[in-house]
Amino acid sequence: GLPVAGGIAAALKRKGSESRVYCVVGDGECGEGSIWEAALFAHHYKLGNLVVFADRNGMSFDGPTEQYLSLEPFAEKWRAFGWNVLELDGHDMGAILDAVNSLPAADSDRPTVIVGHTVKGHGVSFMENNAAWHAGCINEEDWKKAREELTAAYEEKWGAIA
């Protein structure tokens, strides 16, 4: 996704468009060379219209990212590649909206990455930090349990669902 997003952002910039391009990456895929080549490309071509949301949950398809390929210091790597870096709680929608609202102008010279620190499977006890659920299918019993847990957490924070 990021190499394609970078190409689209470059084309829009060349056309003089004020549009932004948004891309979502998982930290597991940030162990791939194509991500860092695209990050260099975006910095080189001053793609301030490119915004990446990086889900930093510490888990990949196979398990903990640091077990398979160390990504730390994650945010510092993006900074070293010339990116504007914002870090936040990826479960806090207010923080996400604040970050989006504080983005530099799309015609700026630096792409931005918003690193959201999250928990894989957040809010569902049997899914949290469990790599088996990266691509798992849910059965009816698990769905009911997950729905109950998420509903209870929502209602505790926001009140009863109408």
# chains A, B, ... in the order shown; residues from 1 in each chain; ligands from 1
>>> closest_atom_pairs(of="segment 77-160 of chain A", to="segment 37-51 of chain A", cutoff="9 Å", atoms="only C-alpha atoms", output="Markdown table")
| residue | atom | partner | partner_atom | distance |
| --- | --- | --- | --- | --- |
| A:Trp78 | CA | A:Ala39 | CA | 7.8 |
| A:Phe81 | CA | A:Leu40 | CA | 6.1 |
| A:Gly82 | CA | A:His43 | CA | 5.8 |
| A:Trp83 | CA | A:His43 | CA | 6.7 |
| A:Leu103 | CA | A:Val51 | CA | 8.7 |
| A:Pro104 | CA | A:Gly48 | CA | 7.5 |
| A:Ala105 | CA | A:Gly48 | CA | 7.2 |
| A:Ala106 | CA | A:Asn49 | CA | 4.2 |
| A:Asp107 | CA | A:Gly48 | CA | 5.6 |
| A:Ser108 | CA | A:Gly48 | CA | 4.6 |
| A:Asp109 | CA | A:Lys46 | CA | 4.3 |
| A:Arg110 | CA | A:Gly48 | CA | 4.5 |
| A:Pro111 | CA | A:Gly48 | CA | 4.2 |
| A:Thr112 | CA | A:Val51 | CA | 4.9 |
| A:Val113 | CA | A:Val51 | CA | 5.7 |
| A:Ile114 | CA | A:Val51 | CA | 7.4 |
>>> write_last_selection(atoms="all heavy atoms", output="short mmCIF file (atom, residue, chain, number, x, y, z; two decimals), in the first residue's frame")
data_model
loop_
_atom_site.label_atom_id
_atom_site.label_comp_id
_atom_site.auth_asym_id
_atom_site.auth_seq_id
_atom_site.Cartn_x
_atom_site.Cartn_y
_atom_site.Cartn_z
N TRP A 78 11.28 6.45 11.52
CA TRP A 78 10.54 7.33 10.61
C TRP A 78 11.15 8.73 10.62
O TRP A 78 11.29 9.35 9.56
CB TRP A 78 9.06 7.38 11.00
CG TRP A 78 8.32 6.12 10.68
CD1 TRP A 78 8.07 5.07 11.53
CD2 TRP A 78 7.74 5.75 9.42
NE1 TRP A 78 7.37 4.09 10.87
CE2 TRP A 78 7.15 4.48 9.58
CE3 TRP A 78 7.65 6.38 8.19
CZ2 TRP A 78 6.49 3.83 8.54
CZ3 TRP A 78 6.98 5.73 7.15
CH2 TRP A 78 6.41 4.47 7.33
N PHE A 81 14.15 8.95 8.56
CA PHE A 81 13.85 8.95 7.14
C PHE A 81 13.23 10.28 6.69
O PHE A 81 12.78 10.41 5.56
CB PHE A 81 12.91 7.79 6.80
CG PHE A 81 13.63 6.48 6.57
CD1 PHE A 81 14.40 5.90 7.56
CD2 PHE A 81 13.55 5.84 5.35
CE1 PHE A 81 15.06 4.71 7.36
CE2 PHE A 81 14.22 4.64 5.13
CZ PHE A 81 14.98 4.08 6.13
N GLY A 82 13.21 11.27 7.60
CA GLY A 82 12.78 12.62 7.25
C GLY A 82 11.30 12.89 7.40
O GLY A 82 10.80 13.88 6.88
N TRP A 83 10.60 12.04 8.13
CA TRP A 83 9.16 12.20 8.29
C TRP A 83 8.80 13.00 9.53
O TRP A 83 9.50 12.97 10.53
CB TRP A 83 8.50 10.83 8.38
CG TRP A 83 8.40 10.11 7.06
CD1 TRP A 83 9.43 9.77 6.23
CD2 TRP A 83 7.21 9.65 6.44
NE1 TRP A 83 8.95 9.13 5.13
CE2 TRP A 83 7.58 9.03 5.23
CE3 TRP A 83 5.87 9.69 6.78
CZ2 TRP A 83 6.66 8.47 4.36
CZ3 TRP A 83 4.95 9.13 5.91
CH2 TRP A 83 5.35 8.53 4.72
N LEU A 103 -2.37 18.35 11.26
CA LEU A 103 -1.42 18.03 10.19
C LEU A 103 -0.87 19.29 9.54
O LEU A 103 -1.60 20.27 9.37
CB LEU A 103 -2.09 17.18 9.11
CG LEU A 103 -2.41 15.74 9.49
CD1 LEU A 103 -3.29 15.09 8.42
CD2 LEU A 103 -1.15 14.94 9.70
N PRO A 104 0.39 19.25 9.16
CA PRO A 104 0.93 20.37 8.38
C PRO A 104 0.15 20.50 7.06
O PRO A 104 -0.50 19.55 6.62
CB PRO A 104 2.38 19.96 8.11
CG PRO A 104 2.68 18.87 9.07
CD PRO A 104 1.38 18.21 9.38
N ALA A 105 0.26 21.63 6.43
CA ALA A 105 -0.42 21.83 5.15
C ALA A 105 -0.01 20.76 4.15
O ALA A 105 1.12 20.27 4.18
CB ALA A 105 -0.08 23.22 4.61
N ALA A 106 -0.93 20.40 3.28
CA ALA A 106 -0.65 19.36 2.28
C ALA A 106 0.49 19.74 1.35
O ALA A 106 1.15 18.88 0.78
CB ALA A 106 -1.91 19.06 1.47
N ASP A 107 0.77 21.03 1.20
CA ASP A 107 1.88 21.45 0.33
C ASP A 107 3.20 21.59 1.10
O ASP A 107 4.18 22.11 0.58
CB ASP A 107 1.54 22.74 -0.40
CG ASP A 107 1.34 23.94 0.52
OD1 ASP A 107 1.35 23.76 1.76
OD2 ASP A 107 1.15 25.05 0.00
N SER A 108 3.23 21.08 2.35
CA SER A 108 4.48 21.10 3.11
C SER A 108 5.47 20.13 2.49
O SER A 108 5.15 19.37 1.57
CB SER A 108 4.22 20.75 4.58
OG SER A 108 3.83 19.40 4.70
N ASP A 109 6.70 20.15 2.99
CA ASP A 109 7.77 19.34 2.40
C ASP A 109 8.01 18.01 3.08
O ASP A 109 8.88 17.26 2.65
CB ASP A 109 9.09 20.13 2.44
CG ASP A 109 9.08 21.27 1.44
OD1 ASP A 109 8.23 21.28 0.54
OD2 ASP A 109 9.96 22.16 1.57
N ARG A 110 7.28 17.71 4.16
CA ARG A 110 7.54 16.46 4.89
C ARG A 110 6.28 15.61 5.00
O ARG A 110 5.25 16.10 5.46
CB ARG A 110 8.05 16.76 6.30
CG ARG A 110 9.43 17.39 6.30
CD ARG A 110 9.88 17.78 7.68
NE ARG A 110 10.08 16.59 8.50
CZ ARG A 110 10.05 16.59 9.82
NH1 ARG A 110 9.80 17.69 10.48
NH2 ARG A 110 10.25 15.50 10.49
N PRO A 111 6.38 14.34 4.61
CA PRO A 111 5.25 13.44 4.84
C PRO A 111 5.09 13.22 6.35
O PRO A 111 6.02 13.45 7.13
CB PRO A 111 5.67 12.15 4.14
CG PRO A 111 7.15 12.22 4.04
CD PRO A 111 7.52 13.67 4.01
N THR A 112 3.91 12.79 6.75
CA THR A 112 3.61 12.57 8.17
C THR A 112 3.22 11.13 8.41
O THR A 112 2.44 10.55 7.64
CB THR A 112 2.47 13.50 8.63
OG1 THR A 112 2.88 14.86 8.50
CG2 THR A 112 2.07 13.23 10.07
N VAL A 113 3.73 10.59 9.50
CA VAL A 113 3.27 9.28 9.97
C VAL A 113 2.67 9.48 11.36
O VAL A 113 3.25 10.15 12.21
CB VAL A 113 4.40 8.21 10.00
CG1 VAL A 113 5.54 8.60 10.92
CG2 VAL A 113 3.84 6.85 10.40
N ILE A 114 1.48 8.94 11.54
CA ILE A 114 0.81 8.95 12.83
C ILE A 114 0.93 7.53 13.39
O ILE A 114 0.34 6.60 12.85
CB ILE A 114 -0.66 9.37 12.70
CG1 ILE A 114 -0.75 10.79 12.12
CG2 ILE A 114 -1.38 9.27 14.05
CD1 ILE A 114 -2.16 11.23 11.75
#
>>> residues_around(residues="Thr118 of chain A", least_positions_apart="2", cutoff="9 Å", atoms="only C-alpha atoms", output="ChimeraX atom specification")
/A:55-58,89-91,116,120-122
>>> write_last_selection(atoms="N, CA, C and O atoms", output="compact mmCIF listing (two decimals), in the first residue's frame")
# COMPACT_ATOMS: atom_id res chain seq x y z
N ASP A 55 -0.09 1.30 12.59
CA ASP A 55 -0.63 0.60 13.76
C ASP A 55 0.51 -0.11 14.47
O ASP A 55 1.02 -1.12 14.00
N ARG A 56 0.92 0.45 15.60
CA ARG A 56 2.05 -0.11 16.36
C ARG A 56 1.50 -0.92 17.52
O ARG A 56 1.44 -0.47 18.66
N ASN A 57 1.08 -2.16 17.20
CA ASN A 57 0.56 -3.04 18.24
C ASN A 57 1.57 -4.11 18.66
O ASN A 57 1.30 -4.92 19.55
N GLY A 58 2.73 -4.13 18.03
CA GLY A 58 3.78 -5.06 18.41
C GLY A 58 3.53 -6.49 17.99
O GLY A 58 4.25 -7.39 18.43
N ASP A 89 -2.23 7.34 21.41
CA ASP A 89 -2.96 6.14 21.78
C ASP A 89 -3.91 5.84 20.63
O ASP A 89 -4.86 6.59 20.39
N GLY A 90 -3.66 4.77 19.93
CA GLY A 90 -4.46 4.42 18.76
C GLY A 90 -5.88 3.99 19.07
O GLY A 90 -6.67 3.77 18.15
N HIS A 91 -6.23 3.88 20.34
CA HIS A 91 -7.60 3.56 20.73
C HIS A 91 -8.38 4.81 21.11
O HIS A 91 -9.57 4.73 21.42
N GLY A 116 0.05 4.98 15.93
CA GLY A 116 -0.96 4.67 16.92
C GLY A 116 -0.56 3.45 17.72
O GLY A 116 -0.45 2.36 17.17
N LYS A 120 -3.48 -5.40 19.86
CA LYS A 120 -4.15 -6.26 18.87
C LYS A 120 -5.36 -6.93 19.53
O LYS A 120 -5.29 -7.46 20.61
N GLY A 121 -6.52 -6.83 18.89
CA GLY A 121 -7.73 -7.43 19.41
C GLY A 121 -8.32 -6.69 20.61
O GLY A 121 -9.09 -7.25 21.38
N HIS A 122 -7.96 -5.42 20.74
CA HIS A 122 -8.36 -4.61 21.90
C HIS A 122 -9.84 -4.75 22.23
O HIS A 122 -10.69 -4.63 21.36
>>> atom_distance(atom1="atom CA of Ala146 of chain A", atom2="atom CA of Ser125 of chain A")
7.8 Å
>>> closest_residue(among="A:Gly7, A:Gly159, A:Gly31, A:Pro64", to="His134 of chain A", atoms="only C-alpha atoms")
A:Pro64
>>> atom_distance(atom1="atom CA of Glu18 of chain A", atom2="atom CA of Cys30 of chain A")
27.5 Å
>>> select_by_dssp(residues="segment 1-145 of chain A", states="strand (DSSP E)", output="tab-separated table (two decimals) with N, CA and C atoms, in the first residue's frame")
chain	number	residue	atom	x	y	z
A	21	VAL	N	-3.19	12.09	0.55
A	21	VAL	CA	-3.30	10.64	0.38
A	21	VAL	C	-3.04	10.02	1.74
A	22	TYR	N	-3.95	9.14	2.16
A	22	TYR	CA	-3.83	8.47	3.45
A	22	TYR	C	-3.58	6.99	3.20
A	23	CYS	N	-2.72	6.42	4.04
A	23	CYS	CA	-2.37	5.01	3.92
A	23	CYS	C	-2.27	4.41	5.32
A	24	VAL	N	-2.73	3.19	5.47
A	24	VAL	CA	-2.64	2.49	6.75
A	24	VAL	C	-1.64	1.35	6.59
A	25	VAL	N	-0.70	1.25	7.53
A	25	VAL	CA	0.25	0.14	7.55
A	25	VAL	C	0.27	-0.47	8.94
A	26	GLY	N	0.51	-1.75	8.98
A	26	GLY	CA	0.71	-2.42	10.26
A	26	GLY	C	2.19	-2.47	10.56
A	50	LEU	N	1.21	13.29	1.92
A	50	LEU	CA	1.09	11.88	2.26
A	50	LEU	C	1.05	11.70	3.78
A	51	VAL	N	0.04	10.98	4.25
A	51	VAL	CA	-0.13	10.71	5.68
A	51	VAL	C	-0.27	9.20	5.86
A	52	VAL	N	0.56	8.65	6.71
A	52	VAL	CA	0.51	7.22	7.02
A	52	VAL	C	0.02	7.04	8.44
A	53	PHE	N	-0.93	6.15	8.61
A	53	PHE	CA	-1.34	5.69	9.94
A	53	PHE	C	-0.64	4.36	10.15
A	54	ALA	N	0.28	4.31	11.11
A	54	ALA	CA	1.01	3.08	11.41
A	54	ALA	C	0.46	2.48	12.71
A	55	ASP	N	-0.09	1.30	12.59
A	55	ASP	CA	-0.63	0.60	13.76
A	55	ASP	C	0.51	-0.11	14.47
A	56	ARG	N	0.92	0.45	15.60
A	56	ARG	CA	2.05	-0.11	16.36
A	56	ARG	C	1.50	-0.92	17.52
A	59	MET	N	2.54	-6.70	17.11
A	59	MET	CA	2.21	-8.05	16.68
A	59	MET	C	2.21	-8.13	15.15
A	60	SER	N	2.71	-9.23	14.66
A	60	SER	CA	2.62	-9.51	13.22
A	60	SER	C	1.82	-10.79	13.05
A	63	GLY	N	3.38	-13.46	15.28
A	63	GLY	CA	3.56	-13.21	16.71
A	63	GLY	C	4.20	-11.86	16.94
A	64	PRO	N	4.86	-11.69	18.08
A	64	PRO	CA	5.45	-10.38	18.41
A	64	PRO	C	6.47	-9.92	17.37
A	84	ASN	N	7.68	13.70	9.45
A	84	ASN	CA	7.04	14.31	10.61
A	84	ASN	C	6.35	13.15	11.34
A	85	VAL	N	6.59	12.99	12.63
A	85	VAL	CA	6.07	11.84	13.38
A	85	VAL	C	5.18	12.32	14.52
A	86	LEU	N	3.99	11.77	14.58
A	86	LEU	CA	3.07	12.01	15.69
A	86	LEU	C	2.78	10.66	16.33
A	87	GLU	N	2.88	10.58	17.65
A	87	GLU	CA	2.58	9.34	18.36
A	87	GLU	C	1.38	9.56	19.26
A	88	LEU	N	0.53	8.55	19.34
A	88	LEU	CA	-0.68	8.67	20.15
A	88	LEU	C	-1.22	7.31	20.53
A	89	ASP	N	-2.23	7.34	21.41
A	89	ASP	CA	-2.96	6.14	21.78
A	89	ASP	C	-3.91	5.84	20.63
A	112	THR	N	3.91	12.79	6.75
A	112	THR	CA	3.61	12.57	8.17
A	112	THR	C	3.22	11.13	8.41
A	113	VAL	N	3.73	10.59	9.50
A	113	VAL	CA	3.27	9.28	9.97
A	113	VAL	C	2.67	9.48	11.36
A	114	ILE	N	1.48	8.94	11.54
A	114	ILE	CA	0.81	8.95	12.83
A	114	ILE	C	0.93	7.53	13.39
A	115	VAL	N	1.75	7.40	14.42
A	115	VAL	CA	1.98	6.09	15.03
A	115	VAL	C	0.97	5.91	16.15
A	116	GLY	N	0.05	4.98	15.93
A	116	GLY	CA	-0.96	4.67	16.92
A	116	GLY	C	-0.56	3.45	17.72
A	117	HIS	N	-0.29	3.67	19.00
A	117	HIS	CA	0.06	2.54	19.88
A	117	HIS	C	-1.24	1.85	20.28
>>> closest_residue(among="A:Lys15, A:Phe61, A:Gly28, A:Ala75", to="Asn130 of chain A", atoms="only C-alpha atoms")
A:Phe61
